[in-house]
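J.: Dropping in target_0.cif, which is mmCIF, C-alpha atoms and all ligand atoms:
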data_entry
#
loop_
_atom_site.label_atom_id
_atom_site.label_comp_id
_atom_site.auth_asym_id
_atom_site.auth_seq_id
_atom_site.Cartn_x
_atom_site.Cartn_y
_atom_site.Cartn_z
CA MET A 1 2.24 -36.72 -55.14
CA LYS A 2 3.15 -34.38 -57.94
CA VAL A 3 2.71 -30.76 -56.90
CA LEU A 4 2.99 -27.64 -59.08
CA ILE A 5 3.90 -24.54 -57.06
CA THR A 6 3.50 -21.18 -58.73
CA GLY A 7 5.87 -18.66 -57.18
CA GLY A 8 8.01 -21.61 -56.04
CA ALA A 9 11.22 -19.54 -56.19
CA GLY A 10 9.90 -16.98 -53.72
CA PHE A 11 10.27 -16.87 -49.95
CA LEU A 12 7.26 -19.01 -49.02
CA GLY A 13 7.18 -21.04 -52.25
CA SER A 14 10.76 -22.23 -51.75
CA HIS A 15 9.96 -23.40 -48.21
CA LEU A 16 7.00 -25.37 -49.56
CA CYS A 17 9.27 -26.93 -52.22
CA GLU A 18 11.74 -27.93 -49.50
CA PHE A 19 9.04 -29.32 -47.19
CA LEU A 20 7.40 -31.41 -49.93
CA LEU A 21 10.71 -32.62 -51.41
CA SER A 22 11.76 -33.81 -47.94
CA ARG A 23 8.62 -35.99 -47.99
CA ASN A 24 9.59 -37.40 -51.41
CA HIS A 25 6.90 -35.61 -53.41
CA GLU A 26 7.61 -34.40 -56.94
CA ILE A 27 7.71 -30.66 -57.45
CA VAL A 28 7.16 -28.54 -60.51
CA CYS A 29 8.26 -25.02 -59.57
CA MET A 30 6.84 -22.34 -61.87
CA ASP A 31 8.20 -18.82 -61.54
CA ASN A 32 9.07 -15.78 -63.63
CA PHE A 33 11.52 -14.44 -60.99
CA ILE A 34 9.90 -11.00 -60.80
CA THR A 35 10.50 -10.99 -57.02
CA GLY A 36 11.86 -14.52 -56.51
CA SER A 37 15.43 -15.70 -56.67
CA ARG A 38 17.40 -18.57 -58.17
CA ASP A 39 19.38 -18.75 -54.90
CA ASN A 40 16.18 -19.81 -53.09
CA ILE A 41 15.93 -22.99 -55.16
CA ALA A 42 19.62 -23.58 -55.95
CA THR A 43 19.92 -26.60 -53.67
CA PHE A 44 16.84 -28.32 -55.18
CA LEU A 45 18.01 -28.17 -58.80
CA THR A 46 20.01 -31.39 -58.53
CA ASN A 47 17.09 -33.27 -56.95
CA PRO A 48 15.49 -35.55 -59.59
CA ASN A 49 12.09 -34.84 -57.99
CA PHE A 50 12.42 -31.12 -58.72
CA LYS A 51 11.68 -29.40 -62.02
CA LEU A 52 11.83 -25.68 -62.73
CA ILE A 53 9.66 -24.08 -65.41
CA GLU A 54 10.32 -20.40 -66.01
CA HIS A 55 6.93 -18.98 -66.93
CA ASP A 56 4.70 -15.99 -66.24
CA VAL A 57 1.45 -17.47 -64.92
CA THR A 58 -0.59 -14.55 -66.25
CA LYS A 59 -0.04 -16.27 -69.62
CA PHE A 60 -1.76 -19.57 -70.42
CA ILE A 61 -0.08 -22.43 -68.52
CA GLU A 62 0.71 -25.40 -70.69
CA ILE A 63 1.72 -28.66 -69.05
CA ASP A 64 2.26 -31.80 -71.13
CA GLU A 65 -1.00 -33.73 -71.56
CA GLN A 66 0.68 -36.89 -70.32
CA GLU A 67 1.91 -35.23 -67.12
CA PRO A 68 -0.49 -35.77 -64.21
CA LEU A 69 -0.71 -33.33 -61.28
CA ASP A 70 -2.17 -33.93 -57.82
CA TRP A 71 -2.00 -30.35 -56.56
CA VAL A 72 -1.59 -26.79 -57.79
CA LEU A 73 -0.39 -24.46 -55.00
CA HIS A 74 -0.81 -20.90 -56.24
CA PHE A 75 1.74 -18.68 -54.48
CA ALA A 76 2.84 -16.43 -57.35
CA SER A 77 2.38 -12.75 -56.52
CA PRO A 78 4.51 -9.86 -55.36
CA ALA A 79 3.87 -9.84 -51.62
CA SER A 80 5.69 -7.00 -49.89
CA PRO A 81 4.21 -3.48 -50.03
CA ILE A 82 7.20 -2.06 -51.91
CA ASP A 83 7.02 -4.90 -54.44
CA TYR A 84 3.35 -4.50 -55.20
CA LEU A 85 3.69 -0.72 -55.34
CA ARG A 86 6.56 -1.16 -57.83
CA TYR A 87 4.57 -3.71 -59.89
CA PRO A 88 0.93 -2.64 -59.51
CA ILE A 89 -0.34 -3.95 -62.86
CA GLN A 90 1.59 -7.24 -62.59
CA THR A 91 0.16 -7.69 -59.08
CA LEU A 92 -3.41 -7.19 -60.31
CA LYS A 93 -2.76 -9.51 -63.25
CA VAL A 94 -1.20 -12.34 -61.27
CA GLY A 95 -4.03 -12.25 -58.69
CA SER A 96 -6.71 -12.26 -61.42
CA LEU A 97 -5.45 -13.76 -64.72
CA GLY A 98 -2.76 -15.80 -62.94
CA THR A 99 -5.27 -17.28 -60.50
CA HIS A 100 -7.68 -18.04 -63.37
CA ASN A 101 -4.92 -19.84 -65.30
CA ALA A 102 -3.78 -21.78 -62.24
CA LEU A 103 -7.38 -22.83 -61.51
CA GLY A 104 -7.87 -23.79 -65.16
CA LEU A 105 -4.76 -25.97 -64.98
CA ALA A 106 -5.98 -27.67 -61.78
CA PHE A 107 -9.39 -28.27 -63.40
CA ALA A 108 -7.84 -29.72 -66.59
CA LYS A 109 -5.59 -32.04 -64.55
CA ASP A 110 -8.28 -32.96 -62.02
CA ALA A 111 -5.85 -31.70 -59.37
CA LYS A 112 -6.59 -30.06 -56.03
CA PHE A 113 -5.93 -26.33 -55.75
CA LEU A 114 -4.69 -24.16 -52.89
CA LEU A 115 -4.69 -20.36 -53.02
CA ALA A 116 -2.21 -18.31 -51.00
CA SER A 117 -4.46 -15.50 -49.84
CA THR A 118 -3.61 -12.90 -47.24
CA SER A 119 -4.68 -11.00 -44.14
CA GLU A 120 -4.69 -7.97 -46.48
CA VAL A 121 -8.19 -9.07 -47.60
CA TYR A 122 -9.27 -7.60 -44.22
CA GLY A 123 -7.69 -4.24 -45.18
CA ASP A 124 -7.45 -1.77 -42.29
CA PRO A 125 -9.67 -3.86 -40.02
CA SER A 126 -12.37 -2.45 -37.79
CA CYS A 127 -12.24 -5.49 -35.52
CA ASN A 128 -9.28 -7.10 -33.81
CA PRO A 129 -8.44 -10.00 -33.93
CA GLN A 130 -9.78 -10.82 -37.39
CA PRO A 131 -11.91 -13.98 -37.74
CA GLU A 132 -12.55 -15.52 -41.17
CA GLU A 133 -16.17 -14.25 -41.11
CA TYR A 134 -15.01 -10.61 -41.18
CA TRP A 135 -15.48 -9.12 -44.68
CA GLY A 136 -12.82 -6.48 -44.36
CA ASN A 137 -12.30 -2.76 -44.82
CA VAL A 138 -10.38 -2.23 -48.05
CA ASN A 139 -9.87 0.96 -50.04
CA PRO A 140 -10.16 -0.35 -53.61
CA ILE A 141 -8.46 2.68 -55.17
CA GLY A 142 -5.74 3.20 -52.55
CA PRO A 143 -2.13 2.17 -53.26
CA ARG A 144 -2.56 -1.17 -51.46
CA GLY A 145 -5.78 -1.85 -53.41
CA VAL A 146 -3.78 -3.45 -56.25
CA TYR A 147 -2.80 -6.30 -53.91
CA ASP A 148 -5.84 -6.43 -51.65
CA GLU A 149 -8.42 -6.43 -54.44
CA ALA A 150 -6.42 -8.90 -56.56
CA LYS A 151 -6.41 -11.32 -53.63
CA ARG A 152 -10.12 -10.71 -52.95
CA PHE A 153 -10.84 -11.50 -56.61
CA ALA A 154 -8.58 -14.56 -56.34
CA GLU A 155 -10.63 -15.83 -53.39
CA ALA A 156 -13.90 -15.15 -55.25
CA ILE A 157 -12.84 -17.03 -58.40
CA THR A 158 -11.45 -19.91 -56.30
CA MET A 159 -14.82 -20.29 -54.55
CA ALA A 160 -16.58 -20.02 -57.96
CA TYR A 161 -14.45 -22.90 -59.34
CA HIS A 162 -15.26 -24.88 -56.23
CA ARG A 163 -19.00 -24.18 -56.38
CA TYR A 164 -19.57 -24.35 -60.14
CA HIS A 165 -16.88 -26.80 -61.29
CA ASN A 166 -16.72 -28.80 -58.08
CA LEU A 167 -12.95 -28.22 -57.94
CA ASN A 168 -11.38 -29.40 -54.68
CA THR A 169 -9.99 -26.09 -53.38
CA ARG A 170 -8.41 -24.57 -50.26
CA ILE A 171 -7.81 -20.93 -49.34
CA VAL A 172 -5.19 -20.01 -46.74
CA ARG A 173 -5.25 -16.44 -45.42
CA ILE A 174 -1.62 -15.92 -44.50
CA PHE A 175 -0.73 -13.33 -41.86
CA ASN A 176 2.71 -11.64 -41.69
CA THR A 177 5.27 -14.41 -42.02
CA TYR A 178 9.03 -14.06 -41.67
CA GLY A 179 12.14 -16.21 -41.71
CA VAL A 180 15.11 -17.56 -43.59
CA ARG A 181 15.19 -16.74 -47.36
CA MET A 182 13.28 -13.45 -47.13
CA ARG A 183 14.85 -10.93 -49.47
CA ALA A 184 17.06 -8.49 -47.56
CA ASN A 185 15.67 -5.57 -49.55
CA ASP A 186 12.02 -6.58 -49.83
CA GLY A 187 11.07 -3.59 -47.67
CA ARG A 188 9.09 -5.48 -45.06
CA ALA A 189 9.53 -4.57 -41.41
CA VAL A 190 11.45 -7.66 -40.25
CA PRO A 191 14.17 -7.72 -42.97
CA ASN A 192 14.45 -3.93 -42.90
CA PHE A 193 14.95 -3.80 -39.14
CA ILE A 194 17.38 -6.73 -39.07
CA ILE A 195 19.56 -5.39 -41.90
CA GLN A 196 19.51 -1.90 -40.39
CA ALA A 197 20.45 -3.26 -36.96
CA LEU A 198 23.26 -5.41 -38.38
CA LYS A 199 24.65 -2.48 -40.35
CA GLU A 200 24.33 -0.21 -37.30
CA GLU A 201 21.94 2.08 -39.16
CA SER A 202 18.81 3.65 -37.66
CA LEU A 203 15.75 1.43 -37.64
CA THR A 204 13.11 3.18 -39.79
CA ILE A 205 9.74 3.28 -38.04
CA TYR A 206 6.84 4.42 -40.23
CA GLY A 207 4.37 6.55 -38.26
CA ASP A 208 4.73 6.48 -34.48
CA GLY A 209 5.19 2.71 -34.37
CA SER A 210 1.93 2.11 -32.49
CA GLN A 211 0.43 0.07 -35.37
CA THR A 212 0.41 -3.64 -34.58
CA ARG A 213 1.30 -6.82 -36.45
CA SER A 214 1.53 -10.49 -35.46
CA PHE A 215 4.52 -12.33 -36.91
CA CYS A 216 4.57 -16.04 -37.69
CA TYR A 217 7.73 -18.04 -38.35
CA VAL A 218 7.78 -19.67 -41.78
CA ASP A 219 8.09 -23.27 -40.49
CA ASP A 220 4.85 -22.87 -38.53
CA LEU A 221 3.10 -21.51 -41.61
CA VAL A 222 4.25 -24.40 -43.82
CA ARG A 223 3.06 -26.91 -41.21
CA GLY A 224 -0.34 -25.16 -41.15
CA ILE A 225 -0.61 -25.26 -44.96
CA TRP A 226 0.22 -28.96 -44.97
CA LYS A 227 -2.52 -29.60 -42.40
CA LEU A 228 -4.98 -27.59 -44.50
CA MET A 229 -4.06 -29.63 -47.60
CA ASN A 230 -4.96 -32.73 -45.63
CA THR A 231 -8.50 -31.61 -44.75
CA GLU A 232 -11.56 -30.86 -46.83
CA ILE A 233 -12.14 -27.25 -45.75
CA HIS A 234 -13.01 -25.11 -48.77
CA GLU A 235 -13.68 -21.84 -46.94
CA PRO A 236 -10.73 -19.58 -46.05
CA VAL A 237 -8.62 -20.45 -43.00
CA ASN A 238 -6.40 -17.93 -41.17
CA ILE A 239 -2.84 -19.10 -40.53
CA GLY A 240 -0.73 -16.79 -38.42
CA ASN A 241 0.72 -16.23 -35.00
CA PRO A 242 -1.68 -14.38 -32.68
CA GLN A 243 1.13 -12.82 -30.63
CA GLU A 244 0.46 -9.14 -31.40
CA LEU A 245 3.14 -6.48 -30.96
CA THR A 246 3.45 -2.85 -31.91
CA ILE A 247 5.98 -2.16 -34.66
CA LEU A 248 8.00 -0.16 -32.14
CA GLU A 249 8.11 -3.21 -29.85
CA ILE A 250 9.31 -5.39 -32.75
CA ALA A 251 12.03 -2.88 -33.63
CA LYS A 252 13.20 -2.74 -30.01
CA LEU A 253 13.21 -6.53 -29.75
CA ILE A 254 15.38 -6.82 -32.88
CA LEU A 255 17.76 -4.19 -31.47
CA LYS A 256 17.95 -6.12 -28.20
CA ILE A 257 18.66 -9.45 -29.89
CA THR A 258 21.24 -8.04 -32.30
CA GLN A 259 23.32 -6.10 -29.80
CA ASP A 260 21.50 -3.87 -27.33
CA ARG A 261 22.44 -0.85 -29.35
CA GLN A 262 23.02 2.54 -27.85
CA PRO A 263 22.95 5.85 -29.79
CA THR A 264 26.19 5.95 -31.78
CA ALA A 265 29.00 8.43 -31.29
CA ASP A 266 28.02 10.57 -34.27
CA ASN A 267 24.56 11.00 -32.72
CA ARG A 268 22.75 8.65 -35.08
CA GLN A 269 19.71 7.34 -33.27
CA PRO A 270 18.90 3.63 -33.06
CA ILE A 271 15.36 4.47 -34.22
CA THR A 272 14.10 7.21 -36.55
CA TYR A 273 10.51 8.06 -37.47
CA HIS A 274 9.21 8.42 -41.05
CA PRO A 275 5.79 9.07 -42.64
CA LEU A 276 3.25 6.26 -42.38
CA PRO A 277 2.31 4.84 -45.83
CA LEU A 278 -1.27 5.52 -46.94
CA ASN A 279 -3.88 2.99 -45.71
CA ASP A 280 -1.29 1.15 -43.56
CA PRO A 281 -3.45 -1.12 -41.33
CA LYS A 282 -3.48 0.11 -37.71
CA VAL A 283 -3.92 -3.35 -36.20
CA ARG A 284 -3.57 -6.94 -37.35
CA ARG A 285 -3.92 -10.16 -35.43
CA PRO A 286 -5.30 -13.48 -36.62
CA ASP A 287 -8.17 -15.21 -34.89
CA ILE A 288 -6.90 -18.79 -35.29
CA SER A 289 -9.81 -20.59 -33.58
CA LEU A 290 -10.79 -22.27 -36.87
CA ALA A 291 -7.26 -23.58 -37.53
CA GLN A 292 -6.99 -24.76 -33.91
CA GLU A 293 -10.33 -26.56 -34.04
CA LYS A 294 -10.35 -28.00 -37.56
CA LEU A 295 -6.64 -28.47 -38.29
CA GLY A 296 -5.37 -29.03 -34.77
CA TRP A 297 -2.78 -26.38 -35.65
CA GLU A 298 -1.19 -23.57 -33.74
CA PRO A 299 2.19 -21.89 -34.03
CA LYS A 300 5.06 -23.35 -32.00
CA VAL A 301 8.08 -21.16 -32.76
CA LYS A 302 8.61 -18.36 -30.22
CA LEU A 303 9.16 -14.92 -31.74
CA GLU A 304 12.63 -14.53 -30.19
CA ASP A 305 13.73 -17.94 -31.51
CA GLY A 306 12.42 -17.26 -35.01
CA LEU A 307 14.07 -13.84 -35.05
CA LYS A 308 17.40 -15.33 -33.92
CA LYS A 309 17.36 -17.82 -36.83
CA THR A 310 16.43 -15.06 -39.27
CA ILE A 311 19.14 -12.73 -37.93
CA GLN A 312 21.69 -15.54 -38.30
CA TYR A 313 20.58 -16.01 -41.92
CA PHE A 314 20.90 -12.32 -42.77
CA LYS A 315 24.29 -12.16 -41.01
CA SER A 316 25.58 -14.89 -43.32
CA ARG A 317 24.10 -13.09 -46.36
CA ILE A 318 25.63 -9.71 -45.68
CA GLY A 319 28.81 -11.07 -44.11
CA CYS A 320 28.76 -9.49 -40.67
P1 LIG B 401 7.85 -13.58 -52.82
O1 LIG B 401 7.85 -12.30 -53.58
O2 LIG B 401 9.09 -14.00 -52.14
O3 LIG B 401 7.38 -14.77 -53.75
C1 LIG B 401 6.47 -14.62 -54.81
C2 LIG B 401 6.98 -15.43 -55.98
O4 LIG B 401 6.03 -15.35 -57.06
C3 LIG B 401 8.31 -14.90 -56.53
O5 LIG B 401 9.21 -15.97 -56.71
C4 LIG B 401 7.92 -14.27 -57.86
O6 LIG B 401 8.96 -14.25 -58.79
C5 LIG B 401 6.74 -15.14 -58.27
N1 LIG B 401 5.82 -14.50 -59.22
C6 LIG B 401 5.21 -13.30 -59.10
N2 LIG B 401 4.45 -13.05 -60.17
C7 LIG B 401 4.59 -14.13 -61.00
C8 LIG B 401 4.04 -14.47 -62.27
N3 LIG B 401 3.21 -13.65 -62.94
N4 LIG B 401 4.37 -15.66 -62.82
C9 LIG B 401 5.20 -16.52 -62.16
N5 LIG B 401 5.76 -16.24 -60.97
C10 LIG B 401 5.44 -15.06 -60.39
O7 LIG B 401 6.65 -13.47 -51.76
P2 LIG B 401 6.24 -14.44 -50.58
O8 LIG B 401 6.35 -13.70 -49.32
O9 LIG B 401 6.91 -15.75 -50.72
O10 LIG B 401 4.69 -14.63 -50.87
C11 LIG B 401 4.21 -15.76 -51.57
C12 LIG B 401 2.69 -15.76 -51.60
O11 LIG B 401 2.18 -15.76 -50.28
C13 LIG B 401 2.09 -14.55 -52.31
O12 LIG B 401 0.97 -14.96 -53.06
C14 LIG B 401 1.65 -13.67 -51.17
O13 LIG B 401 0.56 -12.86 -51.51
C15 LIG B 401 1.29 -14.67 -50.10
N6 LIG B 401 1.42 -14.09 -48.75
C16 LIG B 401 2.65 -13.93 -48.17
C17 LIG B 401 2.74 -13.37 -46.90
C18 LIG B 401 4.04 -13.21 -46.17
O14 LIG B 401 4.05 -12.72 -45.03
N7 LIG B 401 5.17 -13.59 -46.72
C19 LIG B 401 1.57 -12.95 -46.24
C20 LIG B 401 0.36 -13.11 -46.88
C21 LIG B 401 0.29 -13.70 -48.13
N1 LIG B 402 7.26 -0.67 -41.29
C1 LIG B 402 8.09 0.22 -40.61
N2 LIG B 402 9.36 0.35 -41.05
C2 LIG B 402 9.88 -0.35 -42.09
C3 LIG B 402 9.04 -1.27 -42.76
C4 LIG B 402 7.73 -1.40 -42.32
O1 LIG B 402 7.67 0.87 -39.64
O2 LIG B 402 11.07 -0.16 -42.40
C5 LIG B 402 5.88 -0.83 -40.82
C6 LIG B 402 4.81 -0.72 -41.90
O3 LIG B 402 4.42 0.62 -42.11
C7 LIG B 402 3.70 -1.56 -41.30
C8 LIG B 402 4.45 -2.65 -40.52
O4 LIG B 402 5.76 -2.15 -40.31
O5 LIG B 402 2.94 -0.80 -40.40
C9 LIG B 402 4.54 -3.99 -41.24
O6 LIG B 402 5.03 -3.73 -42.53
P1 LIG B 402 5.38 -4.88 -43.55
O7 LIG B 402 5.77 -4.22 -44.83
O8 LIG B 402 6.32 -5.83 -42.94
O9 LIG B 402 4.02 -5.69 -43.74
P2 LIG B 402 2.49 -5.26 -43.94
O10 LIG B 402 1.83 -5.86 -42.79
O11 LIG B 402 2.35 -3.77 -43.94
O12 LIG B 402 2.15 -5.86 -45.24
#
Could the structure of this file be written out as structure tokens, please?

T.:
Amino acid sequence: MKVLITGGAGFLGSHLCEFLLSRNHEIVCMDNFITGSRDNIATFLTNPNFKLIEHDVTKFIEIDEQEPLDWVLHFASPASPIDYLRYPIQTLKVGSLGTHNALGLAFAKDAKFLLASTSEVYGDPSCNPQPEEYWGNVNPIGPRGVYDEAKRFAEAITMAYHRYHNLNTRIVRIFNTYGVRMRANDGRAVPNFIIQALKEESLTIYGDGSQTRSFCYVDDLVRGIWKLMNTEIHEPVNIGNPQELTILEIAKLILKITQDRQPTADNRQPITYHPLPLNDPKVRRPDISLAQEKLGWEPKVKLEDGLKKTIQYFKSRIGC
């Protein structure tokens, strides 16, 4: 197959490139590097099945008329809260105009289309765990609204292309995913805590740390996406790991794995508390019954094992 991946130089996009290349598919990676990195795709550049096109997908996407495509996987978008707060307009544009362009390309090429959506469409949820039927609790004008509403629009236009143009679409609602090739400074909890622990700095907990998240290792996510590509489910499907922990528990687990840290001699604490960002969801946990039933998928990688691999990766990046 020939697969175009928007956002292919990002954390998740680069894992999809790697997974599909290892199965001998051809990849066209399209990225403008706003949050992605050339390092993420460096090892693929010599592969004859890999092509990089540097392009902003909010602008019309032109692919040679003669070049067929089997799939468009639309992963382009800033994804971490500090990224989408730094690039609010670009985030809204890539979720709206970028999704429209990517759908238009899939339609023109008679290709299938998969949208990387997010658990953020559920906002600060009033039910836990979150099943796909839940419509969410999003503040459209809050700081996270630029991401949440862009993704909600992206889902709506994807379903419209499916219903009105008969486009063969998929929507994956991705819950917090972590692993090798995350950016050390992307501001998300897992890279922040690991880097802080490795540098023997305090781990920065926002709020009192009682808010919950459920972290999925990237290999499990990619396997779930592949299974979804190989079904005919057009409605959204949650992919995530239902093991729910408080953020304080995650921080303590990372401290334990890195070195069982004690307060340091100059009285720095292993954990310090900081203000909770506005509209930060209080709970998050995927209901994965649909993925279990229809895809035969569930996560396999244990949190401790995934964290160990990720810690090893960051150790090699920062040289400690
Ligand atoms: P990332 O920032 O590492 O990757 C996003 C990629 O998209 C980057 O390479 C960036 O340069 C590229 N990009 C952004 N805007 C672009 C544009 N206008 N044109 C071309 N390229 C553009 O983030 P990620 O964690 O890999 O997330 C990838 C996708 O998965 C995003 O759509 C995100 O919303 C979704 N997602 C991720 C998670 C997660 O936990 N990582 C959770 C839910 C949803
Ligand atoms: N968080 C934290 N300290 C950090 C980074 C994040 O306490 O240094 C919290 C954040 O407020 C949120 C949770 O960890 O409650 C997960 O944040 P992340 O940015 O990883 O993902 P989110 O689920 O918020 O998109």

J.: Using only C-alpha atoms and all ligand atoms, determine which residues fall within 6 Å of ligand LIG 401 (chain B), then list them as number ranges by chain.

T.: A: 6-13, 31-36, 55-58, 75-79, 94, 116-118, 174-177

J.: Around ligand LIG 402 (chain B), at most 9 Å away and counting only C-alpha atoms and all ligand atoms, which residues are there? Put them as a JSON list (two decimals) with C-alpha atoms, keeping the file's coordinate frame, please.

T.:
[["chain", "number", "residue", "atom", "x", "y", "z"],
["A", 79, "ALA", "CA", 3.87, -9.84, -51.62],
["A", 80, "SER", "CA", 5.69, -7.00, -49.89],
["A", 81, "PRO", "CA", 4.21, -3.48, -50.03],
["A", 82, "ILE", "CA", 7.20, -2.06, -51.91],
["A", 119, "SER", "CA", -4.68, -11.00, -44.14],
["A", 120, "GLU", "CA", -4.69, -7.97, -46.48],
["A", 175, "PHE", "CA", -0.73, -13.33, -41.86],
["A", 176, "ASN", "CA", 2.71, -11.64, -41.69],
["A", 177, "THR", "CA", 5.27, -14.41, -42.02],
["A", 178, "TYR", "CA", 9.03, -14.06, -41.67],
["A", 186, "ASP", "CA", 12.02, -6.58, -49.83],
["A", 187, "GLY", "CA", 11.07, -3.59, -47.67],
["A", 188, "ARG", "CA", 9.09, -5.48, -45.06],
["A", 189, "ALA", "CA", 9.53, -4.57, -41.41],
["A", 190, "VAL", "CA", 11.45, -7.66, -40.25],
["A", 191, "PRO", "CA", 14.17, -7.72, -42.97],
["A", 192, "ASN", "CA", 14.45, -3.93, -42.90],
["A", 193, "PHE", "CA", 14.95, -3.80, -39.14],
["A", 196, "GLN", "CA", 19.51, -1.90, -40.39],
["A", 203, "LEU", "CA", 15.75, 1.43, -37.64],
["A", 204, "THR", "CA", 13.11, 3.18, -39.79],
["A", 205, "ILE", "CA", 9.74, 3.28, -38.04],
["A", 206, "TYR", "CA", 6.84, 4.42, -40.23],
["A", 207, "GLY", "CA", 4.37, 6.55, -38.26],
["A", 208, "ASP", "CA", 4.73, 6.48, -34.48],
["A", 209, "GLY", "CA", 5.19, 2.71, -34.37],
["A", 210, "SER", "CA", 1.93, 2.11, -32.49],
["A", 211, "GLN", "CA", 0.43, 0.07, -35.37],
["A", 212, "THR", "CA", 0.41, -3.64, -34.58],
["A", 213, "ARG", "CA", 1.30, -6.82, -36.45],
["A", 214, "SER", "CA", 1.53, -10.49, -35.46],
["A", 246, "THR", "CA", 3.45, -2.85, -31.91],
["A", 247, "ILE", "CA", 5.98, -2.16, -34.66],
["A", 248, "LEU", "CA", 8.00, -0.16, -32.14],
["A", 250, "ILE", "CA", 9.31, -5.39, -32.75],
["A", 251, "ALA", "CA", 12.03, -2.88, -33.63],
["A", 273, "TYR", "CA", 10.51, 8.06, -37.47],
["A", 274, "HIS", "CA", 9.21, 8.42, -41.05],
["A", 275, "PRO", "CA", 5.79, 9.07, -42.64],
["A", 276, "LEU", "CA", 3.25, 6.26, -42.38],
["A", 277, "PRO", "CA", 2.31, 4.84, -45.83],
["A", 278, "LEU", "CA", -1.27, 5.52, -46.94],
["A", 280, "ASP", "CA", -1.29, 1.15, -43.56],
["A", 281, "PRO", "CA", -3.45, -1.12, -41.33],
["A", 282, "LYS", "CA", -3.48, 0.11, -37.71],
["A", 283, "VAL", "CA", -3.92, -3.35, -36.20],
["A", 284, "ARG", "CA", -3.57, -6.94, -37.35]]

J.: Give me, please, the distance in Å between atom CA of A:Leu45 and atom CA of A:Ser14, quoted to one decimal.

T.: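 Result for atom CA of A:Leu45 versus atom CA of A:Ser14: 11.7 Å, one decimal.
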
J.: Pick out the closest residue to A:Gln259 from this set: A:Glu133, A:Leu245, A:Pro236, A:Ile194. Count all atoms listed in the file.

T.: A:Ile194

J.: Given only C-alpha atoms as the basis, pick out the residue of A:Arg317, A:His74, A:Arg144, A:Arg181 nearest to A:Ala42.

T.: A:Arg181

J.: Nearest residue to A:Ile141 out of A:Thr158, A:Gln90, A:Asn279, A:Ser289, using only C-alpha atoms?

T.: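 For A:Ile141, the nearest of the candidates is A:Asn279.
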
J.: Can you tell me how far atom CA of A:Pro88 sits from atom CA of A:Ile53, in Å to one decimal?

T.: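 Atom CA of A:Ile53 lies 23.9 Å from atom CA of A:Pro88.
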
J.: Let me make sure I understand: among A:Val237, A:Leu73, A:Ala150, A:Ile89, which one has the smallest atom-to-atom distance to A:Leu114 if we use all atoms listed in the file?

T.: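 Closest residue, counting all atoms listed in the file: A:Leu73.
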
J.: Rounded to one decimal place, report the atom CA of A:Val121-atom CA of A:Leu92 distance in Å.

T.: 13.7 Å

J.: Find the residue from A:Leu253, A:Val180, A:Leu20, A:Val172 that sits nearest to A:Ile239; use all atoms listed in the file when measuring.

T.: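 Answer, going by the shortest atom-to-atom distance: A:Val172.
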
J.: Restricting the calculation to all atoms listed in the file, which member of A:Ala106, A:Leu16, A:Ile5, A:Ala154 is positioned closest to A:Val218?

T.: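 Ranked by minimum distance to A:Val218, first place goes to A:Leu16.
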
J.: Could you give me the axis-aligned bounding box of stretch 30-49 of chain A, with 4 Å of padding per side, as centre plus edge lengths in Å to one decimal, as lines of an AutoDock Vina configuration file?

T.:
center_x = 13.4
center_y = -23.3
center_z = -58.4
size_x = 21.2
size_y = 32.6
size_z = 18.5

J.: Quick one: everything within 9 Å of A:Lys308, counting only C-alpha atoms, minus sequence neighbours fewer than 6 positions away in the same chain. Send it as a ChimeraX atom specification.

T.: /A:254,257-258

J.: Report as an NGL selection string all protein, DNA and RNA residues lying within 12 Å of A:Glu65, evaluated on all atoms listed in the file, omitting residues in the same chain fewer than 6 positions from it.

T.: :A and (105 or 108-109)

J.: For stretch 74-81 of chain A of the structure just presented, write N, CA and C atoms to a file, as a compact mmCIF listing (two decimals), in the first residue's frame.

T.:
# COMPACT_ATOMS: atom_id res chain seq x y z
N HIS A 74 -4.30 11.12 8.95
CA HIS A 74 -4.16 12.55 9.27
C HIS A 74 -3.79 12.73 10.75
N PHE A 75 -2.48 12.89 10.97
CA PHE A 75 -1.95 13.03 12.34
C PHE A 75 -1.39 14.42 12.61
N ALA A 76 -1.37 15.29 11.62
CA ALA A 76 -0.78 16.62 11.83
C ALA A 76 -1.62 17.42 12.81
N SER A 77 -1.01 17.88 13.86
CA SER A 77 -1.60 18.82 14.83
C SER A 77 -0.67 18.92 16.03
N PRO A 78 -0.45 20.14 16.52
CA PRO A 78 0.19 20.21 17.85
C PRO A 78 -0.67 19.38 18.80
N ALA A 79 -0.03 18.69 19.76
CA ALA A 79 -0.79 17.73 20.56
C ALA A 79 -0.61 17.91 22.06
N SER A 80 0.46 18.55 22.49
CA SER A 80 0.64 18.70 23.93
C SER A 80 0.07 20.05 24.34
N PRO A 81 -0.47 20.14 25.57
CA PRO A 81 -1.09 21.42 25.98
C PRO A 81 -0.17 22.62 25.77
